[in-house]
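*Asks:* This structure is in structure tokens; I'll ask about it shortly.
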Amino acid sequence: MLDAFFIAATGMESQQLNVDTIANNLANVNTPAYKKVRISFGDLMTAPHASSVGEAADGFARQRGAGFPELGGAPRYTGAGVAVLASEKLFETGVLSKTGSSVDLAIEGEGFLEVSAPDGGSAYVRGGTMKIDQDGLLTTLAGLALKPGLTVPPETLSLRIAADGRVSAVLADRSAAQDLGQLSVVRFLNPQGLLATGNNVYRSSLASGEAIGVRPGQDGAGTLAQGYLENANVSMVDKMLALLIAQRAYGASARLVQASDEMMGLINSLRR
Amino acid sequence: MNDSPLFALQALQLDQRVLAHVSMNLANALTPGYKRLGTMARMGSPVFAPLVQDPAAQSAMHAATTASAVAPAEPAMDTGRSYIDLRAGTLKTTGRTLDLALAGTGFFEVRTSAGPAYTRQGNFSLDGRGRLVTAQGNAVMGTGGEIVLDSAAVRIDDSGNIFASESMDGSAASAGLFGGTGEAGSLSGASGAGGIGSSSGTGSASTPLRPFSASAAHALGSQGAQSSAAPLAQLKVVGFSRPQALSATGSGLFSSTEEPQAMESTGVGLRQGFLENANTDSLQEMLAMMAALRHAETMVRVLQGYDDMLGNTIRSLGNPA
């Protein structure tokens, strides 16, 4: 049937996905360290085929209009709609907001904290609220232990994490803080290639590159900020505007579906 | 039979093609770097005026139709040439360091498995090895081959030179406390008139565009820390003297039968942190759609009228009474 019909259908599907993505971003606007998703569209083209309108018309013209060299300027490829080329998370840093809680940790700048995944491998987080589990290990709220494993002594009053990653504990009976260890920040060549496994936890992949562990504050890595949480890097204003545009684009494609339907109806009514 | 159903059929097919192009343009209204498909010339349009005057063409046309009872008074064929409208679209700010837009009329060169291709869609990223790649993973070419970077925190100037961007504390481009996103708003870049027939030489004079948000500015390193080191690489931006030779192969890529020429640095007009919008004008597309539909309806009436005429002729002539 009509090419226009199916092209408009791809338009509607793509804008539907666009709206879904925007909705997901908006829903997570208050999730600490959430990274927004962006989809990239690309046009679809197909090589000319027998049913392509352009080809048929030109073939006909060449048959009838042998003296017209100007005719037959159709492009080699015909449009077939729009497709989603990529759906990627954008790792621009969000605004840090001060919470004052000593168990909140954020990374000021680029990089991730390495944690132990349940299957024994490494996973990466952008900081967040921490807790001390029953073994005294410093873990995320979900229970993933920070690497290297840091054991907090039971008589600790509070933790102190310096910007360069040194973790020390203030003990009840001693005046000097006890040094617990050093946290390092992990960088990737292409953070967008990380696999998001939910809950702001990421795994590395071939597309992201190798994890490069550095001291906080060196080689482009960010520093640690205790008492801060990173906001989602979603701007509500931007997303609402994008939503309006996506809705209008969806409506335009829907209108084209209706128009194509009308044209198909006209063609069907040729012979009454 | 007569020629009139053939003309009507021709016109109907053209209307279908117009509708297909309108559909394509509107479906891609939010695709960065998309160039709309247009159709030009309809029956009796000025494009065919010289052909009508040309005696050789006239006689050829008449020779082809001498068998029919009625010679057409107008030129018989108008396929409505389809073309790719290469005019630049407006620019949209995103604030991302590897989102690039060309305010001039050039193209980025990209290496695909089928050879070199060209694109205006500048939403690039680094792959796992640090190569600059498109959204699909094809390598973006620099003047010296593939571009490999060790960080996305780079500053790219108007001519495509890539510099490492180092801020005071050594942290990467997007600073933490002022981090944010600047996505909204679109700025009109200098529009280079591409399209059929116009020569796309060196680009047009473009006004320097500055992004809105503080984070975007910081990310682009356009204020404060300036690197005085030599560029890490330079993006290869090329131009074509005959834009008609370009054909769109999908996913934002174009291929060309002719060799591209390197663009002069003044004509490149590269903007970091921006993406080029599709050059689709929704109003224009909607009007074209309405005109095509009504024209199709008219042609259907012509065909139905001709069909009725045949039916009457057969009935009255074939009736023995």
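FYI, nothing fancy with the structure tokens labels: chains A, B, ... in order, residues from 1 per chain, ligands from 1 as they appear.
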DSSP on the backbone: what in region 113-158 of chain B comes out strand (DSSP E or B), as a PyMOL selection string?
*Replies:* chain B and resi 115-119+123+125-126+131-133+139-142+145-146+148+154-156
*Asks:* What are the residues of chain A that have an atom within 6 Å of an atom of chain B, counting only C-alpha atoms, as a PDB file with N, CA, C and O atoms, in the first residue's frame?
*Replies:*
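Final file, out.pdb:
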```pdb
ATOM      1  N   ASP A   3       3.399   4.088   0.696  1.00  0.00           N
ATOM      2  CA  ASP A   3       4.618   4.281   1.489  1.00  0.00           C
ATOM      3  C   ASP A   3       4.380   5.261   2.619  1.00  0.00           C
ATOM      4  O   ASP A   3       4.863   5.078   3.735  1.00  0.00           O
ATOM      5  N   ALA A   4       3.637   6.322   2.308  1.00  0.00           N
ATOM      6  CA  ALA A   4       3.447   7.401   3.282  1.00  0.00           C
ATOM      7  C   ALA A   4       2.841   6.871   4.573  1.00  0.00           C
ATOM      8  O   ALA A   4       3.149   7.344   5.670  1.00  0.00           O
ATOM      9  N   ILE A   7       5.567   5.120   6.608  1.00  0.00           N
ATOM     10  CA  ILE A   7       6.533   6.111   7.082  1.00  0.00           C
ATOM     11  C   ILE A   7       5.966   6.857   8.272  1.00  0.00           C
ATOM     12  O   ILE A   7       6.635   7.062   9.294  1.00  0.00           O
ATOM     13  N   ALA A   8       4.706   7.282   8.138  1.00  0.00           N
ATOM     14  CA  ALA A   8       4.077   8.009   9.244  1.00  0.00           C
ATOM     15  C   ALA A   8       3.957   7.106  10.468  1.00  0.00           C
ATOM     16  O   ALA A   8       4.064   7.576  11.605  1.00  0.00           O
ATOM     17  N   GLY A  11       7.048   7.228  12.309  1.00  0.00           N
ATOM     18  CA  GLY A  11       7.114   8.509  13.005  1.00  0.00           C
ATOM     19  C   GLY A  11       6.384   8.449  14.329  1.00  0.00           C
ATOM     20  O   GLY A  11       6.881   8.889  15.366  1.00  0.00           O
ATOM     21  N   PHE A  41      17.536   9.982  17.042  1.00  0.00           N
ATOM     22  CA  PHE A  41      16.822   9.505  15.869  1.00  0.00           C
ATOM     23  C   PHE A  41      17.708   9.575  14.647  1.00  0.00           C
ATOM     24  O   PHE A  41      18.610  10.403  14.557  1.00  0.00           O
ATOM     25  N   GLY A  42      17.402   8.720  13.674  1.00  0.00           N
ATOM     26  CA  GLY A  42      18.090   8.782  12.388  1.00  0.00           C
ATOM     27  C   GLY A  42      17.090   8.443  11.310  1.00  0.00           C
ATOM     28  O   GLY A  42      16.129   7.707  11.560  1.00  0.00           O
ATOM     29  N   ASP A  43      17.305   8.975  10.117  1.00  0.00           N
ATOM     30  CA  ASP A  43      16.346   8.675   9.056  1.00  0.00           C
ATOM     31  C   ASP A  43      16.611   7.285   8.492  1.00  0.00           C
ATOM     32  O   ASP A  43      17.724   6.784   8.518  1.00  0.00           O
ATOM     33  N   LEU A  44      15.551   6.654   7.988  1.00  0.00           N
ATOM     34  CA  LEU A  44      15.643   5.338   7.362  1.00  0.00           C
ATOM     35  C   LEU A  44      15.534   5.527   5.872  1.00  0.00           C
ATOM     36  O   LEU A  44      14.665   6.232   5.384  1.00  0.00           O
ATOM     37  N   MET A  45      16.426   4.887   5.143  1.00  0.00           N
ATOM     38  CA  MET A  45      16.341   4.954   3.688  1.00  0.00           C
ATOM     39  C   MET A  45      16.415   3.544   3.152  1.00  0.00           C
ATOM     40  O   MET A  45      17.122   2.704   3.706  1.00  0.00           O
ATOM     41  N   VAL A  53       7.316   4.596  -5.628  1.00  0.00           N
ATOM     42  CA  VAL A  53       6.548   5.463  -6.528  1.00  0.00           C
ATOM     43  C   VAL A  53       7.461   6.176  -7.510  1.00  0.00           C
ATOM     44  O   VAL A  53       7.161   6.312  -8.676  1.00  0.00           O
ATOM     45  N   GLY A  67      12.441  12.072 -25.465  1.00  0.00           N
ATOM     46  CA  GLY A  67      13.276  13.225 -25.785  1.00  0.00           C
ATOM     47  C   GLY A  67      13.539  14.127 -24.608  1.00  0.00           C
ATOM     48  O   GLY A  67      14.004  15.259 -24.771  1.00  0.00           O
ATOM     49  N   GLY A  73      14.785  12.485 -12.233  1.00  0.00           N
ATOM     50  CA  GLY A  73      15.779  12.927 -11.257  1.00  0.00           C
ATOM     51  C   GLY A  73      15.524  12.406  -9.865  1.00  0.00           C
ATOM     52  O   GLY A  73      15.956  13.003  -8.890  1.00  0.00           O
ATOM     53  N   ALA A  74      14.831  11.285  -9.749  1.00  0.00           N
ATOM     54  CA  ALA A  74      14.518  10.786  -8.408  1.00  0.00           C
ATOM     55  C   ALA A  74      15.789  10.350  -7.687  1.00  0.00           C
ATOM     56  O   ALA A  74      16.724   9.889  -8.322  1.00  0.00           O
ATOM     57  N   GLY A  81      11.201   6.351   6.554  1.00  0.00           N
ATOM     58  CA  GLY A  81      10.745   6.727   7.892  1.00  0.00           C
ATOM     59  C   GLY A  81      11.889   7.107   8.798  1.00  0.00           C
ATOM     60  O   GLY A  81      12.947   7.535   8.365  1.00  0.00           O
ATOM     61  N   VAL A  82      11.648   6.936  10.083  1.00  0.00           N
ATOM     62  CA  VAL A  82      12.623   7.328  11.096  1.00  0.00           C
ATOM     63  C   VAL A  82      12.849   6.141  12.021  1.00  0.00           C
ATOM     64  O   VAL A  82      11.979   5.295  12.206  1.00  0.00           O
ATOM     65  N   THR A  93      27.304  15.852  35.026  1.00  0.00           N
ATOM     66  CA  THR A  93      27.115  15.803  36.470  1.00  0.00           C
ATOM     67  C   THR A  93      25.928  16.640  36.875  1.00  0.00           C
ATOM     68  O   THR A  93      25.634  17.677  36.297  1.00  0.00           O
ATOM     69  N   GLY A  94      25.224  16.170  37.881  1.00  0.00           N
ATOM     70  CA  GLY A  94      24.089  16.923  38.400  1.00  0.00           C
ATOM     71  C   GLY A  94      24.570  17.893  39.467  1.00  0.00           C
ATOM     72  O   GLY A  94      25.716  17.871  39.896  1.00  0.00           O
ATOM     73  N   VAL A  95      23.661  18.738  39.895  1.00  0.00           N
ATOM     74  CA  VAL A  95      23.989  19.702  40.955  1.00  0.00           C
ATOM     75  C   VAL A  95      24.130  18.957  42.274  1.00  0.00           C
ATOM     76  O   VAL A  95      23.365  18.052  42.560  1.00  0.00           O
ATOM     77  N   LEU A  96      25.129  19.307  43.068  1.00  0.00           N
ATOM     78  CA  LEU A  96      25.275  18.681  44.385  1.00  0.00           C
ATOM     79  C   LEU A  96      24.454  19.461  45.382  1.00  0.00           C
ATOM     80  O   LEU A  96      24.500  20.688  45.418  1.00  0.00           O
ATOM     81  N   GLU A 108      32.248  14.972  43.269  1.00  0.00           N
ATOM     82  CA  GLU A 108      32.200  16.285  42.647  1.00  0.00           C
ATOM     83  C   GLU A 108      33.069  16.249  41.400  1.00  0.00           C
ATOM     84  O   GLU A 108      34.268  16.410  41.457  1.00  0.00           O
ATOM     85  N   GLY A 109      32.460  16.001  40.256  1.00  0.00           N
ATOM     86  CA  GLY A 109      33.220  15.874  39.024  1.00  0.00           C
ATOM     87  C   GLY A 109      32.919  14.527  38.403  1.00  0.00           C
ATOM     88  O   GLY A 109      31.885  13.927  38.655  1.00  0.00           O
ATOM     89  N   LEU A 189      36.507   5.668  29.604  1.00  0.00           N
ATOM     90  CA  LEU A 189      36.625   6.456  28.386  1.00  0.00           C
ATOM     91  C   LEU A 189      35.247   6.842  27.866  1.00  0.00           C
ATOM     92  O   LEU A 189      35.040   7.942  27.374  1.00  0.00           O
ATOM     93  N   ASN A 190      34.312   5.925  27.963  1.00  0.00           N
ATOM     94  CA  ASN A 190      32.977   6.171  27.431  1.00  0.00           C
ATOM     95  C   ASN A 190      31.932   5.732  28.445  1.00  0.00           C
ATOM     96  O   ASN A 190      31.396   4.635  28.354  1.00  0.00           O
ATOM     97  N   LEU A 206      32.161  -3.697  26.952  1.00  0.00           N
ATOM     98  CA  LEU A 206      33.147  -3.442  25.893  1.00  0.00           C
ATOM     99  C   LEU A 206      33.046  -2.010  25.400  1.00  0.00           C
ATOM    100  O   LEU A 206      34.048  -1.365  25.100  1.00  0.00           O
ATOM    101  N   ALA A 207      31.828  -1.505  25.353  1.00  0.00           N
ATOM    102  CA  ALA A 207      31.619  -0.166  24.792  1.00  0.00           C
ATOM    103  C   ALA A 207      32.101   0.919  25.740  1.00  0.00           C
ATOM    104  O   ALA A 207      32.412   2.027  25.300  1.00  0.00           O
ATOM    105  N   SER A 208      32.169   0.613  27.022  1.00  0.00           N
ATOM    106  CA  SER A 208      32.538   1.676  27.953  1.00  0.00           C
ATOM    107  C   SER A 208      34.044   1.785  28.097  1.00  0.00           C
ATOM    108  O   SER A 208      34.569   2.812  28.485  1.00  0.00           O
ATOM    109  N   GLY A 209      34.731   0.722  27.799  1.00  0.00           N
ATOM    110  CA  GLY A 209      36.176   0.749  28.008  1.00  0.00           C
ATOM    111  C   GLY A 209      36.532   0.205  29.375  1.00  0.00           C
ATOM    112  O   GLY A 209      35.663  -0.112  30.192  1.00  0.00           O
ATOM    113  N   GLY A 220      41.707  13.945  35.940  1.00  0.00           N
ATOM    114  CA  GLY A 220      40.359  14.199  35.465  1.00  0.00           C
ATOM    115  C   GLY A 220      39.260  13.615  36.326  1.00  0.00           C
ATOM    116  O   GLY A 220      38.080  13.773  36.029  1.00  0.00           O
ATOM    117  N   ALA A 221      39.606  12.920  37.390  1.00  0.00           N
ATOM    118  CA  ALA A 221      38.561  12.355  38.245  1.00  0.00           C
ATOM    119  C   ALA A 221      38.064  13.416  39.221  1.00  0.00           C
ATOM    120  O   ALA A 221      38.786  14.353  39.557  1.00  0.00           O
ATOM    121  N   GLY A 222      36.861  13.240  39.689  1.00  0.00           N
ATOM    122  CA  GLY A 222      36.308  14.209  40.624  1.00  0.00           C
ATOM    123  C   GLY A 222      36.784  13.940  42.039  1.00  0.00           C
ATOM    124  O   GLY A 222      37.449  12.942  42.322  1.00  0.00           O
ATOM    125  N   ASP A 238      13.435  21.755  30.713  1.00  0.00           N
ATOM    126  CA  ASP A 238      13.830  21.184  29.424  1.00  0.00           C
ATOM    127  C   ASP A 238      12.952  20.014  29.052  1.00  0.00           C
ATOM    128  O   ASP A 238      12.555  19.849  27.905  1.00  0.00           O
ATOM    129  N   SER A 253       2.626  13.193  12.713  1.00  0.00           N
ATOM    130  CA  SER A 253       2.674  11.878  12.072  1.00  0.00           C
ATOM    131  C   SER A 253       1.304  11.227  12.068  1.00  0.00           C
ATOM    132  O   SER A 253       0.927  10.557  11.103  1.00  0.00           O
TER     133      SER A 253
END
```
*Asks:* Determine the nearest neighbour of Thr140 (chain A) from the options A:Ile39, A:Val115, A:Leu224, A:Ala254, counting only C-alpha atoms.
*Replies:*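 Closest to Thr140 (chain A) of all the choices is A:Val115.
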*Asks:* So that I can see what lies close to Ile156 (chain B), please list as a ChimeraX atom specification the residues with an atom at most 10 Å from it, counting only C-alpha atoms and leaving out residues fewer than 4 positions away in the same chain.
*Replies:* /B:97-98,100,160-165,220-222,231-235,270-273
*Asks:* Can I get the selection written as a compact mmCIF listing (two decimals), in the first residue's frame, with all heavy atoms?
*Replies:*
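Ended up saving to result36.txt:
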```txt
# COMPACT_ATOMS: atom_id res chain seq x y z
N THR B 97 29.62 18.07 25.52
CA THR B 97 30.89 18.42 24.88
C THR B 97 31.07 17.79 23.50
O THR B 97 31.74 18.34 22.65
CB THR B 97 32.10 17.98 25.73
OG1 THR B 97 31.94 16.60 26.05
CG2 THR B 97 32.18 18.78 27.01
N LEU B 98 30.47 16.62 23.28
CA LEU B 98 30.68 15.96 21.99
C LEU B 98 29.49 16.11 21.05
O LEU B 98 29.40 15.41 20.06
CB LEU B 98 31.02 14.49 22.19
CG LEU B 98 32.37 14.25 22.84
CD1 LEU B 98 32.64 12.75 22.99
CD2 LEU B 98 33.50 14.86 22.02
N LEU B 100 28.11 18.18 18.22
CA LEU B 100 28.69 19.19 17.34
C LEU B 100 27.70 19.54 16.24
O LEU B 100 26.98 18.67 15.74
CB LEU B 100 29.97 18.65 16.70
CG LEU B 100 31.01 18.11 17.69
CD1 LEU B 100 32.18 17.51 16.95
CD2 LEU B 100 31.49 19.20 18.61
N GLY B 160 37.29 23.19 13.95
CA GLY B 160 37.33 21.76 14.15
C GLY B 160 38.56 21.26 14.88
O GLY B 160 38.75 20.06 15.01
N ASN B 161 39.42 22.17 15.35
CA ASN B 161 40.59 21.73 16.11
C ASN B 161 40.14 21.30 17.51
O ASN B 161 39.37 21.99 18.15
CB ASN B 161 41.61 22.86 16.23
CG ASN B 161 42.21 23.21 14.89
OD1 ASN B 161 42.72 22.36 14.19
ND2 ASN B 161 42.10 24.48 14.52
N ILE B 162 40.66 20.17 17.95
CA ILE B 162 40.28 19.63 19.26
C ILE B 162 41.42 19.86 20.22
O ILE B 162 42.55 19.43 19.97
CB ILE B 162 39.98 18.12 19.15
CG1 ILE B 162 38.94 17.86 18.06
CG2 ILE B 162 39.50 17.57 20.48
CD1 ILE B 162 38.70 16.41 17.80
N PHE B 163 41.11 20.52 21.33
CA PHE B 163 42.11 20.75 22.37
C PHE B 163 41.67 20.05 23.64
O PHE B 163 40.49 19.94 23.93
CB PHE B 163 42.25 22.25 22.67
CG PHE B 163 42.63 23.08 21.49
CD1 PHE B 163 41.66 23.66 20.71
CD2 PHE B 163 43.96 23.27 21.17
CE1 PHE B 163 42.00 24.44 19.61
CE2 PHE B 163 44.31 24.03 20.08
CZ PHE B 163 43.33 24.62 19.29
N ALA B 164 42.65 19.64 24.43
CA ALA B 164 42.31 19.08 25.74
C ALA B 164 41.85 20.23 26.61
O ALA B 164 42.41 21.31 26.57
CB ALA B 164 43.53 18.39 26.35
N SER B 165 40.83 19.98 27.39
CA SER B 165 40.31 21.05 28.23
C SER B 165 40.66 20.75 29.66
O SER B 165 40.18 19.80 30.25
CB SER B 165 38.80 21.15 28.06
OG SER B 165 38.24 21.90 29.09
N LEU B 220 32.48 23.58 27.87
CA LEU B 220 33.13 23.83 26.59
C LEU B 220 34.46 24.54 26.77
O LEU B 220 35.16 24.78 25.82
CB LEU B 220 32.22 24.67 25.69
CG LEU B 220 30.83 24.03 25.50
CD1 LEU B 220 30.00 24.91 24.61
CD2 LEU B 220 30.97 22.66 24.89
N GLY B 221 34.74 24.90 27.99
CA GLY B 221 36.02 25.54 28.25
C GLY B 221 36.15 26.86 27.55
O GLY B 221 37.24 27.31 27.24
N SER B 222 35.02 27.47 27.25
CA SER B 222 35.12 28.68 26.45
C SER B 222 35.46 29.87 27.31
O SER B 222 35.79 30.93 26.81
CB SER B 222 33.80 28.94 25.72
OG SER B 222 32.75 28.90 26.66
N PRO B 231 46.72 21.43 19.02
CA PRO B 231 45.48 20.63 18.99
C PRO B 231 45.78 19.14 18.98
O PRO B 231 46.75 18.69 18.39
CB PRO B 231 44.80 21.07 17.71
CG PRO B 231 45.82 21.79 16.92
CD PRO B 231 46.83 22.30 17.85
N LEU B 232 44.92 18.38 19.67
CA LEU B 232 45.08 16.92 19.69
C LEU B 232 44.78 16.34 18.32
O LEU B 232 45.37 15.36 17.89
CB LEU B 232 44.12 16.30 20.72
CG LEU B 232 44.28 16.75 22.16
CD1 LEU B 232 43.13 16.18 22.99
CD2 LEU B 232 45.59 16.28 22.73
N ALA B 233 43.79 16.94 17.65
CA ALA B 233 43.38 16.44 16.34
C ALA B 233 42.51 17.53 15.70
O ALA B 233 42.17 18.52 16.35
CB ALA B 233 42.56 15.15 16.48
N GLN B 234 42.20 17.34 14.45
CA GLN B 234 41.28 18.27 13.80
C GLN B 234 40.22 17.48 13.07
O GLN B 234 40.52 16.53 12.34
CB GLN B 234 42.02 19.19 12.82
CG GLN B 234 41.11 20.27 12.27
CD GLN B 234 41.78 21.16 11.24
OE1 GLN B 234 42.77 20.75 10.65
NE2 GLN B 234 41.24 22.34 11.04
N LEU B 235 38.97 17.87 13.24
CA LEU B 235 37.88 17.19 12.56
C LEU B 235 37.92 17.50 11.08
O LEU B 235 38.22 18.62 10.67
CB LEU B 235 36.54 17.68 13.12
CG LEU B 235 36.15 17.07 14.44
CD1 LEU B 235 35.17 17.94 15.16
CD2 LEU B 235 35.56 15.68 14.23
N LEU B 270 32.03 25.35 13.07
CA LEU B 270 31.67 24.27 13.98
C LEU B 270 31.26 24.83 15.33
O LEU B 270 31.90 25.72 15.85
CB LEU B 270 32.87 23.32 14.14
CG LEU B 270 32.55 21.99 14.80
CD1 LEU B 270 33.32 20.91 14.11
CD2 LEU B 270 32.90 22.02 16.26
N ARG B 271 30.18 24.30 15.88
CA ARG B 271 29.70 24.75 17.18
C ARG B 271 29.65 23.56 18.12
O ARG B 271 28.95 22.58 17.86
CB ARG B 271 28.28 25.33 17.05
CG ARG B 271 28.18 26.47 16.07
CD ARG B 271 28.64 27.77 16.67
NE ARG B 271 28.61 28.83 15.68
CZ ARG B 271 29.69 29.32 15.08
NH1 ARG B 271 30.88 28.84 15.35
NH2 ARG B 271 29.58 30.29 14.20
N GLN B 272 30.38 23.67 19.22
CA GLN B 272 30.40 22.57 20.19
C GLN B 272 29.25 22.76 21.17
O GLN B 272 28.96 23.86 21.61
CB GLN B 272 31.73 22.57 20.93
CG GLN B 272 31.94 21.39 21.82
CD GLN B 272 33.22 21.48 22.62
OE1 GLN B 272 33.77 22.54 22.80
NE2 GLN B 272 33.71 20.35 23.08
N GLY B 273 28.56 21.69 21.51
CA GLY B 273 27.46 21.81 22.46
C GLY B 273 26.14 22.08 21.80
O GLY B 273 25.16 22.38 22.47
```
*Asks:* At a cut-off of 8 Å, using only C-alpha atoms, what residues contact Ala232 (chain A)? Leave out same-chain residues fewer than 4 positions from it and give the result as a PyMOL selection string.
*Replies:* chain A and resi 28-36+94-95
*Asks:* Generate the output file for the selected residues, N, CA, C and O atoms, as a short mmCIF file (atom, residue, chain, number, x, y, z; two decimals), in the first residue's frame.
*Replies:*
```cif
data_model
loop_
_atom_site.label_atom_id
_atom_site.label_comp_id
_atom_site.auth_asym_id
_atom_site.auth_seq_id
_atom_site.Cartn_x
_atom_site.Cartn_y
_atom_site.Cartn_z
N ASN A 28 12.14 10.33 37.42
CA ASN A 28 13.34 10.20 38.24
C ASN A 28 13.99 11.53 38.57
O ASN A 28 15.17 11.57 38.92
N VAL A 29 13.22 12.60 38.50
CA VAL A 29 13.84 13.91 38.70
C VAL A 29 14.33 14.08 40.13
O VAL A 29 15.19 14.91 40.41
N ASN A 30 13.79 13.31 41.06
CA ASN A 30 14.24 13.43 42.44
C ASN A 30 15.09 12.26 42.91
O ASN A 30 15.37 12.12 44.09
N THR A 31 15.49 11.41 41.97
CA THR A 31 16.34 10.27 42.33
C THR A 31 17.78 10.74 42.40
O THR A 31 18.31 11.25 41.42
N PRO A 32 18.45 10.54 43.54
CA PRO A 32 19.84 11.01 43.64
C PRO A 32 20.72 10.31 42.62
O PRO A 32 20.61 9.11 42.41
N ALA A 33 21.57 11.08 41.97
CA ALA A 33 22.56 10.60 41.02
C ALA A 33 21.95 9.94 39.79
O ALA A 33 22.64 9.22 39.07
N TYR A 34 20.68 10.19 39.51
CA TYR A 34 20.08 9.64 38.29
C TYR A 34 20.67 10.32 37.07
O TYR A 34 20.90 11.53 37.07
N LYS A 35 20.92 9.53 36.02
CA LYS A 35 21.46 10.06 34.79
C LYS A 35 20.40 9.95 33.70
O LYS A 35 19.87 8.87 33.44
N LYS A 36 20.12 11.06 33.04
CA LYS A 36 19.02 11.07 32.10
C LYS A 36 19.36 10.27 30.84
O LYS A 36 20.52 10.14 30.46
N GLY A 94 25.22 16.17 37.88
CA GLY A 94 24.09 16.92 38.40
C GLY A 94 24.57 17.89 39.47
O GLY A 94 25.72 17.87 39.90
N VAL A 95 23.66 18.74 39.90
CA VAL A 95 23.99 19.70 40.96
C VAL A 95 24.13 18.96 42.27
O VAL A 95 23.36 18.05 42.56
#
```
*Asks:* Mind pulling up the distance from CA of Gln178 (chain A) to CA of Glu230 (chain A)?
*Replies:*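 So the answer is 27.5 Å.
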*Asks:* Write out as a PDB file with N, CA and C atoms, in the first residue's frame each polymer residue whose atoms come within 8 Å of Val186 (chain A), counting only C-alpha atoms; drop sequence neighbours fewer than 3 positions from it.
*Replies:*
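Heads up, here's the output in result.pdb:
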```
ATOM      1  N   GLY A 111      33.538  10.446  37.394  1.00  0.00           N
ATOM      2  CA  GLY A 111      34.038   9.219  37.985  1.00  0.00           C
ATOM      3  C   GLY A 111      32.980   8.469  38.759  1.00  0.00           C
ATOM      4  N   PHE A 112      33.346   7.265  39.167  1.00  0.00           N
ATOM      5  CA  PHE A 112      32.432   6.381  39.879  1.00  0.00           C
ATOM      6  C   PHE A 112      33.160   5.775  41.065  1.00  0.00           C
ATOM      7  N   LEU A 113      32.385   5.260  42.010  1.00  0.00           N
ATOM      8  CA  LEU A 113      32.954   4.474  43.096  1.00  0.00           C
ATOM      9  C   LEU A 113      32.758   3.009  42.757  1.00  0.00           C
ATOM     10  N   GLU A 114      33.771   2.222  43.031  1.00  0.00           N
ATOM     11  CA  GLU A 114      33.678   0.803  42.717  1.00  0.00           C
ATOM     12  C   GLU A 114      33.085   0.052  43.897  1.00  0.00           C
ATOM     13  N   ALA A 211      37.927   0.039  33.216  1.00  0.00           N
ATOM     14  CA  ALA A 211      37.834   0.910  34.388  1.00  0.00           C
ATOM     15  C   ALA A 211      39.233   1.392  34.741  1.00  0.00           C
ATOM     16  N   ILE A 212      39.394   2.681  34.870  1.00  0.00           N
ATOM     17  CA  ILE A 212      40.710   3.245  35.210  1.00  0.00           C
ATOM     18  C   ILE A 212      40.601   3.823  36.603  1.00  0.00           C
ATOM     19  N   GLY A 213      41.266   3.197  37.559  1.00  0.00           N
ATOM     20  CA  GLY A 213      41.178   3.677  38.941  1.00  0.00           C
ATOM     21  C   GLY A 213      42.200   4.769  39.194  1.00  0.00           C
ATOM     22  N   VAL A 214      41.762   5.885  39.721  1.00  0.00           N
ATOM     23  CA  VAL A 214      42.666   6.999  40.012  1.00  0.00           C
ATOM     24  C   VAL A 214      42.364   7.549  41.397  1.00  0.00           C
ATOM     25  N   ALA A 221      39.606  12.920  37.390  1.00  0.00           N
ATOM     26  CA  ALA A 221      38.561  12.355  38.245  1.00  0.00           C
ATOM     27  C   ALA A 221      38.064  13.416  39.221  1.00  0.00           C
TER      28      ALA A 221
END
```
*Asks:* What lies within 10 Å of Gly143 (chain A) using only C-alpha atoms, ignoring chain neighbours under 3 positions off, as a ChimeraX atom specification?
*Replies:* /A:115-118,130-133,137-140,146
*Asks:* Keeping only N, CA and C atoms, write those residues as a CSV table (one decimal), in the first residue's frame.
*Replies:*
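The resulting selection16.csv:
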```
chain,number,residue,atom,x,y,z
A,115,VAL,N,32.1,-0.8,43.6
A,115,VAL,CA,31.5,-1.7,44.7
A,115,VAL,C,31.6,-3.1,44.2
A,116,SER,N,31.4,-4.0,45.2
A,116,SER,CA,31.4,-5.4,44.9
A,116,SER,C,30.0,-5.8,44.5
A,117,ALA,N,29.9,-6.4,43.3
A,117,ALA,CA,28.5,-6.9,42.8
A,117,ALA,C,28.2,-8.2,43.5
A,118,PRO,N,27.0,-8.6,43.6
A,118,PRO,CA,26.6,-9.8,44.2
A,118,PRO,C,27.3,-11.1,43.6
A,130,MET,N,25.2,5.9,52.2
A,130,MET,CA,25.9,4.6,52.6
A,130,MET,C,25.4,4.1,54.0
A,131,LYS,N,25.7,2.9,54.3
A,131,LYS,CA,25.4,2.4,55.6
A,131,LYS,C,26.5,1.4,56.0
A,132,ILE,N,26.5,1.0,57.2
A,132,ILE,CA,27.5,0.0,57.7
A,132,ILE,C,26.7,-1.2,58.0
A,133,ASP,N,27.1,-2.3,57.3
A,133,ASP,CA,26.4,-3.6,57.5
A,133,ASP,C,26.8,-4.3,58.8
A,137,LEU,N,31.3,-3.5,57.4
A,137,LEU,CA,31.8,-3.0,56.1
A,137,LEU,C,31.0,-1.8,55.7
A,138,LEU,N,31.6,-0.9,55.0
A,138,LEU,CA,31.0,0.2,54.4
A,138,LEU,C,30.3,-0.2,53.1
A,139,THR,N,29.0,0.0,53.1
A,139,THR,CA,28.3,-0.5,51.8
A,139,THR,C,27.3,0.6,51.4
A,140,THR,N,26.7,0.4,50.2
A,140,THR,CA,25.7,1.2,49.7
A,140,THR,C,24.4,0.8,50.5
A,146,LEU,N,31.7,-1.2,49.3
A,146,LEU,CA,32.6,-0.4,48.6
A,146,LEU,C,34.0,-1.1,48.5
```
